[in-house]
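Below: target_5.txt (compact mmCIF, C-alpha atoms)
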# COMPACT_ATOMS: atom_id res chain seq x y z
CA MET A 32 13.56 18.90 -6.31
CA LEU A 33 15.34 17.26 -3.39
CA SER A 34 14.98 18.97 -0.04
CA ALA A 35 16.81 18.44 3.20
CA VAL A 36 15.03 15.81 5.23
CA ALA A 37 14.31 16.50 8.90
CA ILE A 38 14.56 13.52 11.25
CA THR A 39 11.23 12.62 12.88
CA ARG A 40 11.60 12.13 16.64
CA GLY A 41 11.24 8.50 17.60
CA PHE A 42 10.85 7.13 14.08
CA THR A 43 13.03 4.24 13.05
CA GLY A 44 10.84 2.59 10.42
CA ARG A 45 10.44 -1.05 9.75
CA GLY A 46 12.06 -3.87 7.88
CA ARG A 47 14.35 -1.94 5.64
CA ALA A 48 17.21 -4.32 6.29
CA ALA A 49 15.44 -6.26 3.57
CA ARG A 50 14.62 -3.24 1.42
CA ASP A 51 14.46 -4.38 -2.15
CA PRO A 52 16.72 -2.51 -4.60
CA ARG A 53 13.85 -2.65 -7.10
CA LEU A 54 11.91 -0.16 -4.94
CA PRO A 55 12.31 3.50 -5.95
CA PRO A 56 12.72 6.07 -3.13
CA GLY A 57 9.63 6.55 -0.96
CA GLN A 58 7.96 3.38 -2.23
CA TYR A 59 7.00 0.23 -0.32
CA ASP A 60 6.33 -3.30 -1.52
CA ALA A 61 2.58 -3.93 -1.53
CA GLY A 62 3.25 -7.67 -1.60
CA ARG A 63 0.23 -9.62 -2.72
CA ASP A 64 -2.10 -6.61 -2.50
CA TRP A 65 -2.91 -4.61 -5.58
CA PRO A 66 -4.52 -1.41 -4.29
CA VAL A 67 -7.24 0.20 -6.38
CA LEU A 68 -7.13 3.96 -6.88
CA HIS A 69 -9.03 5.96 -9.45
CA ALA A 70 -11.09 9.09 -9.33
CA GLU A 71 -14.08 8.12 -11.41
CA SER A 72 -16.74 5.48 -10.94
CA THR A 73 -15.70 2.03 -12.17
CA PRO A 74 -17.15 1.54 -15.69
CA ARG A 75 -18.48 -1.71 -17.15
CA LEU A 76 -17.15 -1.94 -20.69
CA ALA A 77 -18.35 -4.65 -23.05
CA THR A 78 -15.61 -6.00 -25.30
CA ASP A 79 -17.98 -6.16 -28.28
CA ARG A 80 -18.17 -2.37 -28.29
CA TRP A 81 -14.61 -1.67 -27.11
CA THR A 82 -12.31 0.22 -29.46
CA PHE A 83 -8.81 1.64 -29.37
CA THR A 84 -7.95 4.60 -31.61
CA ILE A 85 -4.75 6.39 -32.57
CA GLU A 86 -5.28 9.86 -34.00
CA GLY A 87 -3.62 13.25 -34.27
CA LEU A 88 -0.24 13.65 -35.93
CA VAL A 89 -0.27 10.30 -37.75
CA ASP A 90 -0.43 9.36 -41.42
CA ARG A 91 -3.27 6.87 -40.95
CA PRO A 92 -5.63 7.46 -38.01
CA THR A 93 -6.47 3.90 -36.99
CA SER A 94 -9.06 2.14 -34.80
CA TRP A 95 -8.97 -1.45 -33.59
CA THR A 96 -11.85 -3.52 -32.28
CA TRP A 97 -11.33 -5.96 -29.42
CA ALA A 98 -10.86 -8.83 -31.84
CA GLU A 99 -8.52 -6.84 -34.06
CA ILE A 100 -6.17 -5.66 -31.34
CA ARG A 101 -5.95 -9.15 -29.86
CA ALA A 102 -4.98 -10.50 -33.27
CA LEU A 103 -1.85 -8.32 -33.32
CA PRO A 104 1.55 -9.75 -32.35
CA ARG A 105 1.64 -10.28 -28.59
CA SER A 106 4.12 -8.60 -26.32
CA ARG A 107 4.83 -9.23 -22.64
CA TYR A 108 6.12 -7.01 -19.83
CA SER A 109 7.69 -8.72 -16.83
CA GLY A 110 8.71 -6.41 -14.05
CA ASP A 111 7.60 -3.89 -11.47
CA ILE A 112 4.96 -1.15 -11.24
CA HIS A 113 5.00 1.94 -9.01
CA CYS A 114 2.02 4.04 -7.84
CA VAL A 115 2.50 7.65 -6.73
CA THR A 116 0.60 6.83 -3.52
CA THR A 117 3.81 4.97 -2.57
CA TRP A 118 3.00 1.30 -3.22
CA SER A 119 4.93 -0.77 -5.71
CA LYS A 120 4.24 -4.27 -6.96
CA LEU A 121 7.25 -6.32 -7.94
CA ALA A 122 7.70 -9.02 -10.56
CA MET A 123 4.37 -8.76 -12.31
CA THR A 124 3.59 -10.04 -15.79
CA PHE A 125 1.36 -8.22 -18.25
CA ASP A 126 0.37 -9.45 -21.71
CA GLY A 127 -0.93 -7.38 -24.59
CA VAL A 128 0.45 -5.51 -27.54
CA SER A 129 3.39 -3.13 -27.72
CA VAL A 130 2.47 0.51 -28.32
CA ASP A 131 5.24 0.45 -30.96
CA THR A 132 3.15 -1.99 -33.01
CA LEU A 133 0.12 0.30 -32.81
CA LEU A 134 2.07 3.45 -33.63
CA ASP A 135 3.80 1.76 -36.57
CA ALA A 136 0.41 0.89 -38.03
CA ALA A 137 -0.73 4.50 -37.75
CA GLY A 138 2.54 6.06 -38.94
CA VAL A 139 3.69 8.76 -36.53
CA ARG A 140 4.63 12.01 -38.23
CA PRO A 141 8.10 13.50 -37.63
CA GLU A 142 6.78 16.60 -35.83
CA ALA A 143 5.00 14.49 -33.16
CA ARG A 144 6.49 14.82 -29.66
CA PHE A 145 3.77 14.10 -27.10
CA VAL A 146 0.79 11.83 -26.59
CA VAL A 147 -2.41 12.12 -24.57
CA ALA A 148 -3.77 8.76 -23.50
CA THR A 149 -7.56 8.80 -23.29
CA ALA A 150 -9.90 6.44 -21.45
CA HIS A 151 -13.48 5.35 -22.02
CA THR A 152 -14.32 7.19 -18.76
CA GLY A 153 -13.02 10.55 -20.02
CA TYR A 154 -9.79 10.22 -18.01
CA THR A 155 -6.68 11.57 -19.74
CA THR A 156 -2.95 11.55 -19.06
CA ASN A 157 -0.09 13.09 -21.01
CA LEU A 158 3.26 11.53 -21.87
CA PRO A 159 6.30 12.41 -23.97
CA LEU A 160 6.23 10.31 -27.16
CA GLU A 161 9.63 8.87 -26.30
CA ASP A 162 8.16 7.38 -23.10
CA VAL A 163 5.71 5.21 -25.06
CA THR A 164 8.07 4.11 -27.86
CA GLY A 165 11.09 1.82 -27.99
CA GLY A 166 9.56 -1.09 -26.08
CA LYS A 167 8.54 0.98 -23.04
CA ALA A 168 4.71 0.91 -23.27
CA TRP A 169 1.93 -1.58 -23.92
CA VAL A 170 -1.83 -1.92 -24.18
CA VAL A 171 -2.47 -4.93 -21.92
CA TRP A 172 -5.43 -7.19 -21.16
CA ASP A 173 -3.85 -9.91 -18.99
CA ALA A 174 -2.15 -9.42 -15.62
CA ASP A 175 -0.22 -12.29 -14.05
CA GLY A 176 -1.87 -14.67 -16.50
CA SER A 177 -5.50 -13.69 -15.89
CA PRO A 178 -7.76 -11.23 -17.69
CA LEU A 179 -7.41 -7.73 -16.29
CA THR A 180 -10.33 -7.12 -13.92
CA THR A 181 -12.56 -4.09 -14.31
CA GLU A 182 -11.23 -2.42 -11.16
CA HIS A 183 -7.71 -2.60 -12.56
CA GLY A 184 -8.74 -1.13 -15.92
CA GLY A 185 -10.13 -4.12 -17.79
CA PRO A 186 -10.80 -5.04 -20.43
CA ALA A 187 -7.58 -3.24 -21.38
CA ARG A 188 -5.35 -0.55 -19.96
CA LEU A 189 -2.25 1.31 -20.99
CA LEU A 190 0.95 0.09 -19.32
CA VAL A 191 3.92 2.45 -18.99
CA PRO A 192 5.71 0.76 -16.11
CA HIS A 193 8.80 2.98 -15.93
CA LEU A 194 6.58 5.93 -14.90
CA TYR A 195 4.17 6.31 -11.96
CA PHE A 196 1.10 4.23 -12.57
CA TRP A 197 -1.42 7.03 -13.11
CA LYS A 198 0.22 7.32 -16.55
CA SER A 199 -0.95 3.76 -17.26
CA ALA A 200 -4.51 4.82 -18.06
CA LYS A 201 -7.16 2.31 -17.04
CA TRP A 202 -9.94 1.53 -19.56
CA VAL A 203 -7.75 3.09 -22.25
CA SER A 204 -9.56 4.17 -25.41
CA GLY A 205 -6.71 5.58 -27.48
CA LEU A 206 -3.70 7.81 -27.97
CA ARG A 207 -3.84 11.31 -29.37
CA ILE A 208 -0.50 12.28 -30.90
CA GLY A 209 0.52 15.93 -30.82
CA ALA A 210 3.37 18.39 -31.10
CA GLU A 211 2.72 20.11 -27.76
CA ASP A 212 2.42 18.77 -24.22
CA GLU A 213 -1.18 18.92 -23.02
CA PRO A 214 -1.72 18.21 -19.30
CA GLY A 215 -4.11 15.37 -18.51
CA PHE A 216 -6.48 14.82 -15.60
CA TRP A 217 -4.10 14.43 -12.66
CA GLU A 218 -1.50 16.67 -14.28
CA ARG A 219 -4.00 19.56 -14.30
CA ASN A 220 -4.59 18.73 -10.63
CA GLY A 221 -1.00 19.25 -9.59
CA TYR A 222 0.73 16.01 -10.53
CA HIS A 223 3.95 15.87 -12.51
CA ASP A 224 3.94 15.93 -16.32
CA ARG A 225 6.44 13.08 -16.58
CA GLY A 226 6.30 11.12 -13.31
CA ASP A 227 9.59 9.21 -13.08
CA PRO A 228 9.48 7.21 -9.81
CA TRP A 229 13.29 7.02 -9.58
CA LEU A 230 13.42 10.84 -9.55
CA GLU A 231 10.32 11.05 -7.29
CA GLN A 232 8.54 13.28 -9.82
CA ARG A 233 5.25 13.12 -7.93
CA TYR A 234 3.96 16.69 -8.15
CA GLN A 235 4.39 19.67 -10.45
CA GLY A 236 7.72 21.27 -9.60
CA ASP A 237 9.38 18.10 -8.30
CA MET B 246 0.36 22.99 -6.37
CA ALA B 247 1.69 20.71 -3.71
CA GLY B 248 4.06 23.27 -2.22
CA PRO B 249 7.47 22.44 -0.76
CA TRP B 250 8.12 20.19 2.20
CA GLN B 251 7.78 22.07 5.48
CA GLN B 252 7.76 21.47 9.21
CA ALA B 253 4.50 21.35 11.15
CA THR B 254 4.35 21.41 14.94
CA VAL B 255 1.79 19.21 16.65
CA VAL B 256 -0.18 21.59 18.89
CA GLY B 257 -3.05 19.31 19.83
CA ILE B 258 -4.11 15.69 19.72
CA ARG B 259 -7.74 14.63 20.04
CA ARG B 260 -9.04 11.10 20.05
CA GLU B 261 -12.09 10.89 17.73
CA THR B 262 -12.96 7.22 18.13
CA PRO B 263 -11.17 4.22 19.62
CA THR B 264 -9.27 3.92 16.33
CA ALA B 265 -8.98 7.48 15.00
CA THR B 266 -7.21 10.64 16.10
CA THR B 267 -7.15 14.26 15.00
CA PHE B 268 -3.79 16.03 14.98
CA ARG B 269 -3.80 19.84 15.11
CA LEU B 270 -0.80 21.22 13.30
CA ALA B 271 0.80 24.68 13.24
CA LEU B 272 2.54 25.11 9.90
CA GLU B 273 5.85 26.80 9.34
CA ARG B 274 4.37 28.30 6.15
CA PRO B 275 0.56 28.25 6.46
CA PHE B 276 -1.55 27.69 3.35
CA THR B 277 -5.24 27.77 2.58
CA HIS B 278 -6.67 24.52 1.25
CA VAL B 279 -9.85 23.72 -0.63
CA ALA B 280 -12.21 21.43 1.31
CA GLY B 281 -11.51 17.84 0.26
CA GLN B 282 -7.78 18.24 -0.34
CA TYR B 283 -5.06 16.31 1.46
CA VAL B 284 -1.45 16.59 2.56
CA VAL B 285 1.49 14.20 2.32
CA LEU B 286 3.18 13.37 5.60
CA ARG B 287 6.80 12.16 5.61
CA LEU B 288 8.52 10.43 8.51
CA SER B 289 12.31 10.21 8.42
CA ALA B 290 14.54 7.84 10.35
CA PRO B 291 18.11 8.79 11.35
CA ASP B 292 19.57 6.48 8.69
CA GLY B 293 17.74 8.24 5.87
CA TYR B 294 14.81 5.83 5.56
CA THR B 295 11.54 7.63 4.94
CA ALA B 296 7.87 6.65 4.84
CA GLN B 297 5.19 8.91 3.44
CA ARG B 298 1.42 8.71 3.33
CA ASP B 299 -1.46 10.93 2.21
CA TYR B 300 -3.89 12.24 4.83
CA SER B 301 -7.06 14.21 4.20
CA ILE B 302 -7.51 17.57 5.87
CA SER B 303 -10.47 17.73 8.26
CA SER B 304 -10.25 21.39 9.30
CA VAL B 305 -12.17 24.24 7.72
CA PRO B 306 -10.37 26.11 4.90
CA GLY B 307 -8.75 29.27 6.21
CA SER B 308 -8.35 28.13 9.79
CA PRO B 309 -5.02 29.09 11.38
CA GLU B 310 -4.26 25.48 12.25
CA LEU B 311 -4.38 22.54 9.91
CA GLN B 312 -6.06 19.39 11.15
CA ILE B 313 -5.65 15.89 9.80
CA THR B 314 -7.67 12.97 11.12
CA VAL B 315 -5.98 9.60 10.89
CA GLU B 316 -7.35 6.09 11.22
CA HIS B 317 -5.11 3.73 13.19
CA LEU B 318 -4.50 0.84 10.81
CA PRO B 319 -3.08 -2.13 12.74
CA GLY B 320 0.45 -2.66 11.49
CA GLY B 321 0.29 0.54 9.44
CA GLU B 322 3.81 1.92 9.58
CA VAL B 323 2.81 5.59 9.58
CA SER B 324 -0.62 5.57 11.22
CA GLU B 325 0.67 3.39 14.05
CA PHE B 326 3.59 5.73 14.65
CA LEU B 327 1.24 8.72 14.75
CA HIS B 328 -1.01 7.00 17.28
CA GLU B 329 1.64 5.46 19.52
CA VAL B 330 4.62 7.81 19.45
CA VAL B 331 3.67 11.34 18.42
CA GLU B 332 3.13 13.87 21.21
CA VAL B 333 2.22 17.53 21.38
CA GLY B 334 5.30 19.56 20.56
CA ASP B 335 6.67 17.09 18.01
CA GLU B 336 7.47 18.25 14.51
CA LEU B 337 6.21 16.45 11.44
CA GLU B 338 7.21 17.07 7.85
CA LEU B 339 4.45 17.61 5.30
CA ARG B 340 3.61 19.16 1.97
CA GLY B 341 0.35 20.27 0.49
CA PRO B 342 -2.40 21.00 -0.17
CA ILE B 343 -2.94 18.43 -2.92
CA GLY B 344 -5.94 17.42 -4.99
CA GLY B 345 -8.18 19.35 -7.34
CA HIS B 346 -10.72 16.71 -8.28
CA PHE B 347 -12.03 15.71 -4.89
CA ALA B 348 -12.36 19.31 -3.75
CA TRP B 349 -15.34 21.57 -3.14
CA ALA B 350 -15.12 25.37 -3.15
CA ALA B 351 -18.57 25.83 -1.54
CA ASP B 352 -19.78 27.38 -4.79
CA GLY B 353 -22.90 25.29 -5.30
CA PRO B 354 -24.90 22.42 -3.85
CA ALA B 355 -23.01 19.22 -3.11
CA LEU B 356 -23.54 15.87 -1.44
CA GLY B 357 -20.90 13.97 0.52
CA ILE B 358 -21.14 10.26 1.23
CA GLY B 359 -18.48 8.80 3.51
CA GLY B 360 -17.78 5.39 4.96
CA GLY B 361 -15.80 5.25 8.23
CA SER B 362 -12.63 7.31 7.87
CA GLY B 363 -13.92 8.45 4.47
CA VAL B 364 -15.78 11.18 6.32
CA VAL B 365 -12.56 13.13 6.95
CA PRO B 366 -12.38 15.23 3.73
CA LEU B 367 -16.18 15.60 3.84
CA MET B 368 -15.90 17.09 7.34
CA SER B 369 -13.83 19.92 5.90
CA MET B 370 -16.66 20.51 3.41
CA LEU B 371 -19.34 20.44 6.11
CA ARG B 372 -17.35 22.81 8.29
CA GLN B 373 -16.90 25.21 5.40
CA ALA B 374 -20.59 25.18 4.54
CA ARG B 375 -21.42 26.02 8.15
CA ALA B 376 -18.62 28.57 8.58
CA THR B 377 -19.74 30.53 5.53
CA GLY B 378 -23.42 30.47 6.49
CA GLN B 379 -24.27 28.21 3.57
CA GLU B 380 -25.30 25.15 5.51
CA ASP B 381 -28.03 24.46 2.96
CA LEU B 382 -25.44 23.81 0.23
CA PHE B 383 -23.97 20.64 1.72
CA ARG B 384 -25.68 17.35 2.55
CA LEU B 385 -23.78 14.58 4.27
CA VAL B 386 -24.44 10.85 4.57
CA VAL B 387 -22.08 8.88 6.79
CA SER B 388 -21.88 5.13 7.24
CA VAL B 389 -20.21 3.75 10.38
CA ARG B 390 -20.33 0.43 12.18
CA ARG B 391 -21.62 1.65 15.53
CA PRO B 392 -22.25 5.06 17.12
CA VAL B 393 -18.88 4.85 18.92
CA ASP B 394 -17.16 4.74 15.51
CA LEU B 395 -18.54 8.10 14.34
CA TYR B 396 -15.80 10.68 13.82
CA PHE B 397 -16.46 14.28 14.97
CA ALA B 398 -19.55 12.99 16.78
CA ALA B 399 -20.21 16.15 18.78
CA GLU B 400 -20.10 18.33 15.71
CA ILE B 401 -21.17 16.32 12.70
CA THR B 402 -24.83 15.78 13.51
CA GLY B 403 -27.39 18.22 12.25
CA PRO B 404 -30.48 18.53 10.10
CA ARG B 405 -28.48 17.93 6.92
CA THR B 406 -26.45 14.97 8.18
CA THR B 407 -27.63 11.36 7.96
CA VAL B 408 -25.76 8.71 9.95
CA VAL B 409 -26.26 5.05 9.04
CA HIS B 410 -25.02 2.20 11.27
CA THR B 411 -24.02 -1.10 9.70
CA ARG B 412 -23.59 -3.18 12.86
CA GLN B 413 -26.09 -1.77 15.36
CA GLU B 414 -29.79 -0.87 15.28
CA VAL B 415 -30.17 2.82 16.05
CA ALA B 416 -33.35 4.88 16.27
CA GLY B 417 -35.48 2.24 14.62
CA ARG B 418 -33.21 1.64 11.63
CA ALA B 419 -32.02 -1.95 11.50
CA ALA B 420 -28.28 -2.52 11.30
CA GLY B 421 -27.20 -2.81 7.69
CA ARG B 422 -25.23 -1.37 4.84
CA LEU B 423 -26.18 1.83 3.11
CA THR B 424 -29.22 1.43 0.84
CA ALA B 425 -30.85 3.46 -1.89
CA ALA B 426 -33.52 4.42 0.64
CA ASP B 427 -30.83 6.03 2.82
CA LEU B 428 -29.41 8.01 -0.10
CA ALA B 429 -32.55 9.05 -1.98
CA PRO B 430 -33.64 11.81 0.42
CA ALA B 431 -30.17 13.37 0.31
CA LEU B 432 -29.75 13.25 -3.45
CA GLY B 433 -30.49 16.61 -5.06
CA PRO B 434 -31.10 17.20 -8.76
CA ASP B 435 -27.60 18.47 -9.48
CA GLY B 436 -24.18 19.30 -8.09
CA PRO B 437 -21.18 17.08 -7.44
CA ILE B 438 -21.38 14.00 -5.25
CA TYR B 439 -18.23 13.23 -3.25
CA VAL B 440 -17.89 9.56 -2.32
CA CYS B 441 -15.08 8.53 0.03
CA GLY B 442 -14.28 5.27 1.76
CA THR B 443 -12.86 1.84 1.04
CA PRO B 444 -12.93 0.67 -2.59
CA PRO B 445 -15.89 -1.70 -1.99
CA PHE B 446 -17.80 1.08 -0.21
CA CYS B 447 -17.17 3.47 -3.09
CA ASP B 448 -18.26 0.93 -5.69
CA THR B 449 -21.42 0.07 -3.75
CA VAL B 450 -22.35 3.73 -3.33
CA THR B 451 -21.63 4.47 -6.99
CA GLU B 452 -23.96 1.68 -8.05
CA LEU B 453 -26.69 2.91 -5.69
CA LEU B 454 -26.34 6.44 -7.03
CA THR B 455 -26.51 5.44 -10.68
CA GLY B 456 -29.50 3.23 -9.80
CA LEU B 457 -31.16 6.36 -8.39
CA GLY B 458 -30.52 8.14 -11.69
CA ALA B 459 -27.52 10.26 -10.73
CA ALA B 460 -25.29 10.99 -13.74
CA THR B 461 -21.85 9.38 -13.40
CA ALA B 462 -20.23 12.69 -14.33
CA ARG B 463 -21.47 14.06 -10.97
CA ILE B 464 -19.73 11.35 -8.97
CA ARG B 465 -16.22 11.99 -7.65
CA VAL B 466 -14.58 9.17 -5.81
CA GLU B 467 -11.71 9.08 -3.33
CA ARG B 468 -10.73 5.53 -2.38
CA PHE B 469 -9.10 5.09 1.00
CA GLY B 470 -7.15 1.98 1.61
CA PRO B 471 -4.20 0.34 3.24
CA THR B 472 -1.85 2.50 1.21
CA GLY B 473 -2.00 4.94 4.06
CA THR B 474 -4.96 7.22 3.97
So that I can check it, write out the structure of this file as structure tokens.
Amino acid sequence: MLSAVAITRGFTGRGRAARDPRLPPGQYDAGRDWPVLHAESTPRLATDRWTFTIEGLVDRPTSWTWAEIRALPRSRYSGDIHCVTTWSKLAMTFDGVSVDTLLDAAGVRPEARFVVATAHTGYTTNLPLEDVTGGKAWVVWDADGSPLTTEHGGPARLLVPHLYFWKSAKWVSGLRIGAEDEPGFWERNGYHDRGDPWLEQRYQGD
Amino acid sequence: MAGPWQQATVVGIRRETPTATTFRLALERPFTHVAGQYVVLRLSAPDGYTAQRDYSISSVPGSPELQITVEHLPGGEVSEFLHEVVEVGDELELRGPIGGHFAWAADGPALGIGGGSGVVPLMSMLRQARATGQEDLFRLVVSVRRPVDLYFAAEITGPRTTVVHTRQEVAGRAAGRLTAADLAPALGPDGPIYVCGTPPFCDTVTELLTGLGAATARIRVERFGPTGT
């Protein structure tokens, strides 16, 4: 929903002569900073007990260990990420495995339309199936060439970079495939079910 | 629900510390928030450029005016504008209230632990506990550098508030970061624990709490940082 914007007395803003066209509306370039925002305490997950599971409307519910998922064909994302709290980070590189590879292994059933991404912390977030297929989503363990740190979701997180970053669940533990949309953690707390930064879908009703 | 964008008139400005200010706002369409929630503030330039940031609400739920308390971050586009340009009578655009996780409905015992500006949403909780005659429900531990850095200083102290100073010895406690010994007396057997401050502060406090045996499911964290809040 776009509303008329009222001019704020005395506000001119800064530096937008150089505003980067890669920045969606309302976002700023965080530069070298990578802010940390999550609602739960930061977990310490050992890779020897880490698993990733796809279940729900699939032909073959499948789990991967840390060694197994890292043995899958690698896939890289190079590009930008956008957090709903208005920072963006440009030209990042993430390495991991495409969600397409994982879903192909499990065999998504035709009636499937939505996914809930789950995390080892209990965090959840919901996404339309079409937003995690077709080369648009990854499970990643390296960021800019280094292992993903715990505070950024390591050992592995979901990466859905064309949506606001709360959809990219840190400490991801799996995907549950379903026929109905099922609001996740932030979505139950008033955030948007899809979260497209170019449409500024920040909150329910936007 | 975040509610639509609306205009808020600044009806009062109060300096809390040398680097923090409370803005009292009269809303075009008043709403009642839950203690701990925040609003989004949007500044708009004549050429269409906008900047928006999240700010926690410090006022008590149900009060006719909404209060936000903002830390002046040097170079912060929005916080600097609020501190240096905004005057009583100005209009600011905001939407809210937002947040359902870091929110307390005063329906059971709770503990708040705040570092610096992280005390802002906890102040709304403390004020609600007092306003509803349930002061016993809410315990507060605040960490600040020096006494001069304590927000809401005239109001926040009380038998259920502990203030810890990291850079100055006060009342026999040596200057230093929050320790398990500071938290243990405030930690009850159950109820949510609201932790708010910088990411390192939140991680330190979380580790202290789990070391004291608090279940991680009780801990709710709101990380403040240079993104605006």
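Among the candidates A:Thr43, A:Thr96, A:Gln232, A:Ser106, the one nearest to Ser204 in chain A when counting all atoms listed in the file is A:Thr96.
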Distance query range 435-443 of chain B at most 6 Å, all atoms listed in the file, self and fewer than 5 positions along chain excluded, as number ranges by chain
B: 354-360, 363, 463-470
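Residues from chain B found within 6 Å of chain A are Met246, Leu288, Ser289, Ala290, Pro291, Gly344, Gly345, Arg465, Val466 and Arg468 of chain B, counting only C-alpha atoms.
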Taking into account all atoms listed in the file, which residue in the set B:His328, B:Arg418, B:Arg260, B:Arg384 is nearest to Gly353 in chain B?
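Closest to Gly353 in chain B, using all atoms listed in the file: B:Arg384.
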Thr264 in chain B environment, 12 Å, all atoms listed in the file, sequence neighbours closer than 6 positions dropped, as a CSV table (one decimal) with C-alpha atoms, in the frame of the given file:
chain,number,residue,atom,x,y,z
B,314,THR,CA,-7.7,13.0,11.1
B,315,VAL,CA,-6.0,9.6,10.9
B,316,GLU,CA,-7.4,6.1,11.2
B,317,HIS,CA,-5.1,3.7,13.2
B,318,LEU,CA,-4.5,0.8,10.8
B,319,PRO,CA,-3.1,-2.1,12.7
B,324,SER,CA,-0.6,5.6,11.2
B,325,GLU,CA,0.7,3.4,14.0
B,327,LEU,CA,1.2,8.7,14.8
B,328,HIS,CA,-1.0,7.0,17.3
B,329,GLU,CA,1.6,5.5,19.5
B,361,GLY,CA,-15.8,5.2,8.2
B,362,SER,CA,-12.6,7.3,7.9
B,393,VAL,CA,-18.9,4.8,18.9
B,394,ASP,CA,-17.2,4.7,15.5
B,395,LEU,CA,-18.5,8.1,14.3
B,396,TYR,CA,-15.8,10.7,13.8
Separation of CA of Glu414 in chain B from CA of Arg390 in chain B, in Å and rounded to one decimal
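About the pair CA of Glu414 in chain B and CA of Arg390 in chain B: they are 10.0 Å apart.
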What does the structure give for the distance between CA of Thr156 in chain A and CA of Asp224 in chain A, in Å to one decimal?
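Taking CA of Thr156 in chain A as the start and CA of Asp224 in chain A as the end point, the length is 8.6 Å.
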Using CA of Glu336 in chain B and CA of Met368 in chain B as the two end points, give the distance in Å to one decimal.
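Between CA of Glu336 in chain B and CA of Met368 in chain B the gap works out to 24.5 Å.
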Skip Glu400 in chain B itself and residues of its chain fewer than 4 positions away, then list as an mmCIF file with C-alpha atoms, in the coordinates of the input all residues within 12 Å of it, counting only C-alpha atoms.
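Writing the result to part19.cif gives the following:
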data_model
loop_
_atom_site.group_PDB
_atom_site.id
_atom_site.type_symbol
_atom_site.label_atom_id
_atom_site.label_comp_id
_atom_site.auth_asym_id
_atom_site.auth_seq_id
_atom_site.Cartn_x
_atom_site.Cartn_y
_atom_site.Cartn_z
ATOM 1 C CA GLU B 261 -12.090 10.890 17.730
ATOM 2 C CA MET B 368 -15.900 17.090 7.340
ATOM 3 C CA SER B 369 -13.830 19.920 5.900
ATOM 4 C CA LEU B 371 -19.340 20.440 6.110
ATOM 5 C CA ARG B 372 -17.350 22.810 8.290
ATOM 6 C CA ARG B 375 -21.420 26.020 8.150
ATOM 7 C CA LEU B 395 -18.540 8.100 14.340
ATOM 8 C CA TYR B 396 -15.800 10.680 13.820
ATOM 9 C CA PRO B 404 -30.480 18.530 10.100
ATOM 10 C CA THR B 406 -26.450 14.970 8.180
#
For Trp172 in chain A, find every residue with an atom within 8 Å (counting only C-alpha atoms), except residues of its own chain fewer than 6 positions away, and show them as an MDAnalysis selection string.
chainID A and resid 125:127 178:179 185:188
Surrounding residues of Lys198 in chain A excluding itself and chain neighbours under 4 positions, 10 Å, all atoms listed in the file, as a VMD selection string
chain A and resid 114 147 to 148 155 to 158 189 to 194 215 217 to 218 224 to 226
Dump as a ChimeraX atom specification all residues having an atom at most 12 Å from (-6.0, 21.3, 7.8), computed in the file's coordinates with only C-alpha atoms.
/B:253,255,267-272,275-285,300-314,339-343,365-366,368-370,372-373
With all atoms of range 175-179 of chain A from the file as input, state the centre and edge lengths in Å to one decimal of the axis-aligned box that has 6 Å extra on each side, as lines of an AutoDock Vina configuration file.
center_x = -4.0
center_y = -11.2
center_z = -15.9
size_x = 19.5
size_y = 18.9
size_z = 15.6
Nearest to Ala350 in chain B: which of B:Phe383, B:Leu337, B:Arg405, B:Glu322 is it, counting all atoms listed in the file?
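Among the listed residues, the smallest separation from Ala350 in chain B belongs to B:Phe383.
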For a quick check of understanding, using only C-alpha atoms, which of A:His223, A:Thr181, A:Val170, A:Ile208 has the smallest distance to Ala247 in chain B?
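That would be A:His223, the residue with the smallest distance to Ala247 in chain B.
Using only C-alpha atoms, the smallest distance between any of A:Val171, A:Leu134, A:Val139, A:Val146 and Arg105 in chain A comes from A:Val171.
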